[in-house]
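S.K.: I have a structure I would like to understand better, so I am pasting it below and will then ask my questions one at a time.
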There are 2 protein chains.
Amino acid sequence: MRVAVIGVGLIGGSIASAARERLGASVSGMDRDPAVLEVALRRGLIDRACQSLVDAVDGAQAAFVAVPVGGLSATVRATLEVAGDDCVVSDVGSTKRAVTEAFGADARFVGGHPLAGTELSGPEHARADLFAGATWYLTPAADSLSSELFGRLRALIEGMGARVEAIDAEDHDRLVASISHLPHVLANALVCEARAAVLATGRGLSATGPSLRDATRVAGAPGAIWTDIYLQNADLLAAAIERAVASLEQFRGALEASDAERIAAFNEAAAAARRELFSS
Amino acid sequence: MRVAVIGVGLIGGSIASAARERLGASVSGMDRDPAVLEVALRRGLIDRACQSLVDAVDGAQAAFVAVPVGGLSATVRATLEVAGDDCVVSDVGSTKRAVTEAFGADARFVGGHPLAGTELSGPEHARADLFAGATWYLTPAADSLSSELFGRLRALIEGMGARVEAIDAEDHDRLVASISHLPHVLANALVCEARAAVLATGRGLSATGPSLRDATRVAGAPGAIWTDIYLQNADLLAAAIERAVASLEQFRGALEASDAERIAAFNEAAAAARRELFSS
């Protein structure tokens, strides 16, 4: 099996490494940043460092495009132009409507999005087990679910240890607005408020607790990537923020009314939701 | 050194254990729940299980009241009534205005609040190193900062591995509204929105990612405790929520205007705030 990985940062580098180590694939890597490509080669994430897309996808049975959302469409288009008829092309972008609308008609393309990553980036932090146990969304066209190329892609991803979930692109984007993008936005708002509060006491900025640290782990995620993610999902994310704000305003109303019953109910609903989400 | 701990759950049990193991103190424990007291004794968190406050504080040089905020004032009052003249009495409640106003005139009382804990509760999870590296706020009256009792309390707490910060009670409550209570409220709102979003796709509730798990770790914290915490800090927490909502609404406006520059600026401010809070 020959696999091409276009963009060998944290996610692409981890795909490359997992394909090599867990699947015994031969992996060609490409990156527009020569330094990143060199690190990927030196760390053994890829077998070959390629200077062109043509070279990278030559003879590949699968190609993963793992570049930031901002440059994703152009890179997927260019990859499909040079990939062979028997090469399945996927991506790892955090939003799926735009790319699926643009390339869904090409039977070789299947949109993808692994729910994995860390607050770190770059091939220095890539690792073969990044996807172990993770959910990996795929957004195939309805008629490609039984295709050989889709089956190959699914097998590859499952071989990397992830759990494949086929999902409609619109459903995907609505879901990640709430479970991925909204957490980032709330963490950003929280960390700015916390900083202001600490400064207001005239104290050092290090006097903070464990709940704040966890709650803001994803705050300020790499701006160059996330501005594009937010923009690509702006409508659905704005709607999710609106719902969260309504819920916060309701809770604020209960506080101002000293309404212990409503406060307790809010807390209990949250406890039940978390049990459902993480204990089932 | 004899130490009394009133309420031997997660925090009280950990204080008891740290006092025994790290400071060699003899620790008397009391709890209104006989089962909790028995676990504390069986786990060796305390030397003696006492049936009354009088018995627990008899001969103690320090007493920690570690009961939920709802019953805090009554228990501190009762403890001060039976404690000797040479016994410093402190608490671990998450809000400090009410208890400081009520008992600040008693030279033996110093309000306290360790920024430690887990989403677990009960003496089963207590451990001697819970406070290692943690910030522990104390809210002494201005004239007691140089007193022998305050010095003894500070030394005890530092011996448990925590870093003592003396702070005005009002400043404390404003700070924790933003760095502790607001994170819980945001986590609650987020986990409910995430649950609704997952259900809306008609999928199983387990399809969630790592950022959501971390961001909602504190969601639905024990309601019996947290309803009282929220109520005791209702005014300052409501104000913190109002500021967070304003920030979220600004971001939503930027999304709806597809304003990449404002989106990037929001993200960059959050990245800078997090670096300041957690790398300094």
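Following the order of the structure tokens, chains are lettered A, B, ..., residues in each are numbered from 1, and ligands are numbered from 1.
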Enumerate as a ChimeraX atom specification all residues of segment 148-191 of chain A assigned to helix (DSSP H, G or I) by DSSP on the backbone, naming them with the chain letters and numbers the document uses.
M.R.: /A:148-159,169-191
S.K.: Skipping near chain neighbours, those fewer than 3 positions away, what residues fall within 9 Å of segment 126-134 of chain B using only C-alpha atoms, listed as a PDB file with C-alpha atoms, in the first residue's frame?
M.R.:
ATOM      1  CA  ALA A 207      -2.618  32.523  41.078  1.00  0.00           C
ATOM      2  CA  THR A 208      -5.070  30.352  39.217  1.00  0.00           C
ATOM      3  CA  GLY A 209      -6.765  27.033  39.853  1.00  0.00           C
ATOM      4  CA  PRO A 210      -7.040  23.656  38.179  1.00  0.00           C
TER       5      PRO A 210
ATOM      6  CA  VAL B   8     -13.668  14.903  56.506  1.00  0.00           C
ATOM      7  CA  GLY B   9     -14.743  14.692  52.856  1.00  0.00           C
ATOM      8  CA  LEU B  10     -12.359  15.224  49.952  1.00  0.00           C
ATOM      9  CA  ILE B  11     -10.920  18.530  51.183  1.00  0.00           C
ATOM     10  CA  GLY B  12     -11.155  17.949  54.934  1.00  0.00           C
ATOM     11  CA  GLY B  13      -9.855  14.403  54.579  1.00  0.00           C
ATOM     12  CA  SER B  14      -6.927  15.646  52.532  1.00  0.00           C
ATOM     13  CA  ILE B  15      -6.125  18.343  55.105  1.00  0.00           C
ATOM     14  CA  ALA B  16      -6.211  15.703  57.828  1.00  0.00           C
ATOM     15  CA  SER B  17      -4.005  13.347  55.858  1.00  0.00           C
ATOM     16  CA  ALA B  18      -1.519  16.091  54.953  1.00  0.00           C
ATOM     17  CA  ALA B  19      -1.385  17.245  58.584  1.00  0.00           C
ATOM     18  CA  ARG B  20      -0.635  13.713  59.736  1.00  0.00           C
ATOM     19  CA  GLU B  21       1.759  12.618  57.034  1.00  0.00           C
ATOM     20  CA  ARG B  22       3.565  15.842  56.179  1.00  0.00           C
ATOM     21  CA  ALA B  40     -11.628   8.637  57.148  1.00  0.00           C
ATOM     22  CA  LEU B  45      -6.671  10.149  57.344  1.00  0.00           C
ATOM     23  CA  PRO B 114      -7.550  26.200  48.880  1.00  0.00           C
ATOM     24  CA  LEU B 115      -7.725  26.150  45.071  1.00  0.00           C
ATOM     25  CA  ALA B 116      -7.644  22.388  44.901  1.00  0.00           C
ATOM     26  CA  GLY B 117     -10.045  19.548  44.419  1.00  0.00           C
ATOM     27  CA  SER B 121     -15.704  13.875  46.350  1.00  0.00           C
ATOM     28  CA  GLY B 122     -15.621  12.018  49.650  1.00  0.00           C
ATOM     29  CA  PRO B 123     -12.834  10.736  51.914  1.00  0.00           C
ATOM     30  CA  ILE B 157      -0.726  25.255  55.156  1.00  0.00           C
ATOM     31  CA  MET B 160       0.957  20.842  53.351  1.00  0.00           C
ATOM     32  CA  GLY B 161       2.733  22.039  50.204  1.00  0.00           C
ATOM     33  CA  ALA B 162       0.414  24.918  49.291  1.00  0.00           C
ATOM     34  CA  ARG B 163       1.285  28.524  48.533  1.00  0.00           C
ATOM     35  CA  VAL B 164      -0.493  30.960  50.860  1.00  0.00           C
TER      36      VAL B 164
END
S.K.: Give me the residues near Arg48 of chain B as a PDB file with all heavy atoms, in the first residue's frame, where near means some atom within 7 Å (using only C-alpha atoms) and where sequence neighbours in that chain fewer than 3 positions away do not count.
M.R.:
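Output file result.pdb follows:
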ATOM      1  N   VAL B  27      -4.368  14.216  64.579  1.00  0.00           N
ATOM      2  CA  VAL B  27      -5.558  14.796  63.962  1.00  0.00           C
ATOM      3  C   VAL B  27      -6.845  14.157  64.484  1.00  0.00           C
ATOM      4  O   VAL B  27      -7.037  12.945  64.407  1.00  0.00           O
ATOM      5  CB  VAL B  27      -5.506  14.651  62.421  1.00  0.00           C
ATOM      6  CG1 VAL B  27      -6.764  15.233  61.791  1.00  0.00           C
ATOM      7  CG2 VAL B  27      -4.246  15.332  61.869  1.00  0.00           C
ATOM      8  N   SER B  28      -7.727  15.043  65.017  1.00  0.00           N
ATOM      9  CA  SER B  28      -9.071  14.603  65.409  1.00  0.00           C
ATOM     10  C   SER B  28     -10.031  14.959  64.293  1.00  0.00           C
ATOM     11  O   SER B  28     -10.006  16.079  63.792  1.00  0.00           O
ATOM     12  CB  SER B  28      -9.516  15.323  66.685  1.00  0.00           C
ATOM     13  OG  SER B  28      -8.594  15.078  67.714  1.00  0.00           O
ATOM     14  N   GLY B  29     -10.888  14.009  63.916  1.00  0.00           N
ATOM     15  CA  GLY B  29     -11.836  14.275  62.852  1.00  0.00           C
ATOM     16  C   GLY B  29     -13.262  14.161  63.335  1.00  0.00           C
ATOM     17  O   GLY B  29     -13.566  13.392  64.240  1.00  0.00           O
ATOM     18  N   LEU B  41     -11.357   7.316  59.151  1.00  0.00           N
ATOM     19  CA  LEU B  41     -10.572   6.618  60.181  1.00  0.00           C
ATOM     20  C   LEU B  41      -9.909   5.372  59.586  1.00  0.00           C
ATOM     21  O   LEU B  41      -8.722   5.109  59.791  1.00  0.00           O
ATOM     22  CB  LEU B  41     -11.481   6.236  61.358  1.00  0.00           C
ATOM     23  CG  LEU B  41     -10.777   5.656  62.585  1.00  0.00           C
ATOM     24  CD1 LEU B  41      -9.839   6.690  63.208  1.00  0.00           C
ATOM     25  CD2 LEU B  41     -11.788   5.172  63.628  1.00  0.00           C
TER      26      LEU B  41
END
S.K.: Would you mind reading off the distance between atom CA of Thr100 of chain A and atom CA of Pro140 of chain A, one decimal, in Å?
M.R.: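 For atom CA of Thr100 of chain A relative to atom CA of Pro140 of chain A, the distance reads 8.2 Å.
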S.K.: Which residues are close to Ala273 of chain B, i.e. within 9 Å by only C-alpha atoms, leaving aside same-chain residues fewer than 4 positions away? Reply as a list of chain:residue names.
M.R.: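 Skipping anything fewer than 4 positions along the chain leaves A:Asn188, A:Val191, A:Cys192, A:Ala194, A:Arg195, A:Ala196, A:Ala219, A:Gly220, B:Glu268, B:Ala269, B:Leu277, B:Phe278.
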S.K.: Please measure the separation of atom CA of Ala272 of chain B and atom CA of Arg203 of chain A, giving the value in Å to one decimal.
M.R.: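 It comes out at 17.6 Å.
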S.K.: Could you check the closest approach to Ala49 of chain A for each of A:Leu37, A:Arg274, A:Val69, A:Thr95 and tell me which residue wins, using only C-alpha atoms?
M.R.: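 For Ala49 of chain A, the nearest of the candidates is A:Leu37.
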S.K.: Among segment 132-269 of chain B, which residues carry a DSSP assignment of strand (DSSP E), reported as a VMD selection string?
M.R.: chain B and resid 135 to 139 163 to 166
S.K.: So which residues touch segment 263-265 of chain A within 7 Å, counting only C-alpha atoms, skipping near sequence neighbours fewer than 5 positions away, as a ChimeraX atom specification?
M.R.: /A:251,254 /B:223,227
